[in-house]
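S.K.: I am attaching a structure below and will ask some questions about it afterwards.
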Amino acid sequence: MTVRSTIPRQIGLLLVGALVSLSVAACDTPPQRQRFPEITFQHLAPIRLDVAQIEIQSEYRSADHPDDNAGDYPEAPETLVADWARERLQAAGERGQATYTVVQARAVRVPLPRSSGIGAALKTEQSDRYDLAITVRLDAGNPISGKSGTVTETVTRSQTVPENMTLNQREAMLFNLLDAAMKDLNQRLEKSIPQYLAPLIR
């Protein structure tokens, strides 16, 4: 009579079970979040103002707007807009004050209408539009020189996305959208501040 061992078969079943468990776990693992470069302007020369102090404030809070999707961005737009002033503006006087105000840093996702019926299944459509609107105001004055002025700039950017876009692709798009908007803002303020606050530039 031949006696067959059941140990190898049991071990095989355990290995198969382990592999199945690992496969299921791998399917449930969310995609790894991407790391993006820092959006900063601190490498640029400061804009020196003839004031003793610079106040940075915000009139906009994304939390107050239920449809604001700032949380989808790698960095909060309102934070970056305020950081611009910290990195570019410099108080270089003995009297006076400048106030930099984030009037708006609004981020909104707008669902787009899509086709229905058989034709809809045969094409890839744009599913959403991401809108970004930024407005800032800079008020500055020096009581000794009697000079004062105000600069206001608004920047808007929009991007539509296809319905089959992956999470990583969407995050990359939002980073590029925010980066482009901040570069637009920087360029506009670099031109308008010397134009409208020329007597206060040092």
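Each chain of the structure tokens is named A, B, ... in the order shown, its residues numbered from 1; ligands are numbered from 1 in display order.
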Determine, using only C-alpha atoms, which residues of stretch 143-190 of chain A have any atom at most 12 Å from an atom of stretch 50-66 of chain A, and tabulate each with its shortest atom pair and distance in Å to one decimal place, rows ordered by chain and then rising number, as a tab-separated table.
M.R.:
residue	atom	partner	partner_atom	distance
A:Pro143	CA	A:Val51	CA	9.3
A:Ile144	CA	A:Val51	CA	10.0
A:Ser145	CA	A:Asp50	CA	9.3
A:Gly146	CA	A:Asp50	CA	11.2
A:Lys147	CA	A:Asp50	CA	9.5
A:Ser148	CA	A:Asp50	CA	10.1
A:Gly149	CA	A:Asp50	CA	11.9
S.K.: Go ahead and save the picked residues with all heavy atoms, as a compact mmCIF listing (two decimals), in the first residue's frame.
M.R.:
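Resulting contents of out.txt:
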# COMPACT_ATOMS: atom_id res chain seq x y z
N PRO A 143 3.70 108.91 5.14
CA PRO A 143 3.26 110.23 5.58
C PRO A 143 4.34 111.31 5.48
O PRO A 143 4.03 112.50 5.40
CB PRO A 143 2.85 109.99 7.05
CG PRO A 143 3.63 108.79 7.46
CD PRO A 143 3.74 107.94 6.24
N ILE A 144 5.61 110.90 5.49
CA ILE A 144 6.70 111.88 5.41
C ILE A 144 6.79 112.46 3.99
O ILE A 144 6.85 113.68 3.80
CB ILE A 144 8.04 111.24 5.81
CG1 ILE A 144 7.99 110.82 7.28
CG2 ILE A 144 9.19 112.21 5.57
CD1 ILE A 144 9.26 110.17 7.77
N SER A 145 6.80 111.58 3.02
CA SER A 145 6.88 112.04 1.63
C SER A 145 5.54 112.48 1.07
O SER A 145 5.47 113.20 0.07
CB SER A 145 7.45 110.92 0.75
OG SER A 145 6.55 109.81 0.70
N GLY A 146 4.45 112.02 1.73
CA GLY A 146 3.12 112.35 1.24
C GLY A 146 2.72 111.56 0.01
O GLY A 146 1.73 111.88 -0.64
N LYS A 147 3.48 110.51 -0.29
CA LYS A 147 3.20 109.70 -1.46
C LYS A 147 2.37 108.47 -1.08
O LYS A 147 2.60 107.85 -0.04
CB LYS A 147 4.50 109.24 -2.13
CG LYS A 147 5.44 110.38 -2.50
CD LYS A 147 4.82 111.32 -3.54
CE LYS A 147 5.80 112.41 -3.94
NZ LYS A 147 5.20 113.35 -4.93
N SER A 148 1.43 108.12 -1.95
CA SER A 148 0.62 106.92 -1.71
C SER A 148 0.09 106.41 -3.06
O SER A 148 0.13 107.12 -4.07
CB SER A 148 -0.54 107.22 -0.76
OG SER A 148 -1.43 108.17 -1.34
N GLY A 149 -0.40 105.19 -3.04
CA GLY A 149 -0.94 104.63 -4.27
C GLY A 149 -1.54 103.26 -4.04
O GLY A 149 -1.35 102.65 -2.97
S.K.: Might you pull out every residue within 9 Å of A:Tyr73, with only C-alpha atoms counted and same-chain residues fewer than 6 positions away left off, and present them as a list of chain:residue names?
M.R.: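 These residues fall inside the cut-off: A:Ala107, A:Glu171, A:Leu174, A:Phe175, A:Leu178.
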S.K.: Would you pick out the contacts of A:Val155 at 9 Å or less, using only C-alpha atoms, so that residues sharing its chain but fewer than 5 positions from it are not included, and give the list as a list of chain:residue names?
M.R.: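 Residues meeting the cut-off are A:Leu132, A:Ala133, A:Ile134, A:Thr135, A:Ala181, A:Met182, A:Asp184, A:Leu185, A:Arg188.
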S.K.: Please list as a PyMOL selection string every residue within 10 Å of stretch 189-202 of chain A, counting only C-alpha atoms and excluding residues in the same chain fewer than 5 positions away.
M.R.: chain A and resi 47-51+88+90-93+98+136-142+145-154+183-184
S.K.: As a ChimeraX atom specification, please: all residues of stretch 86-196 of chain A that backbone DSSP puts in helix (DSSP H, G or I).
M.R.: /A:86-88,118-122,167-196
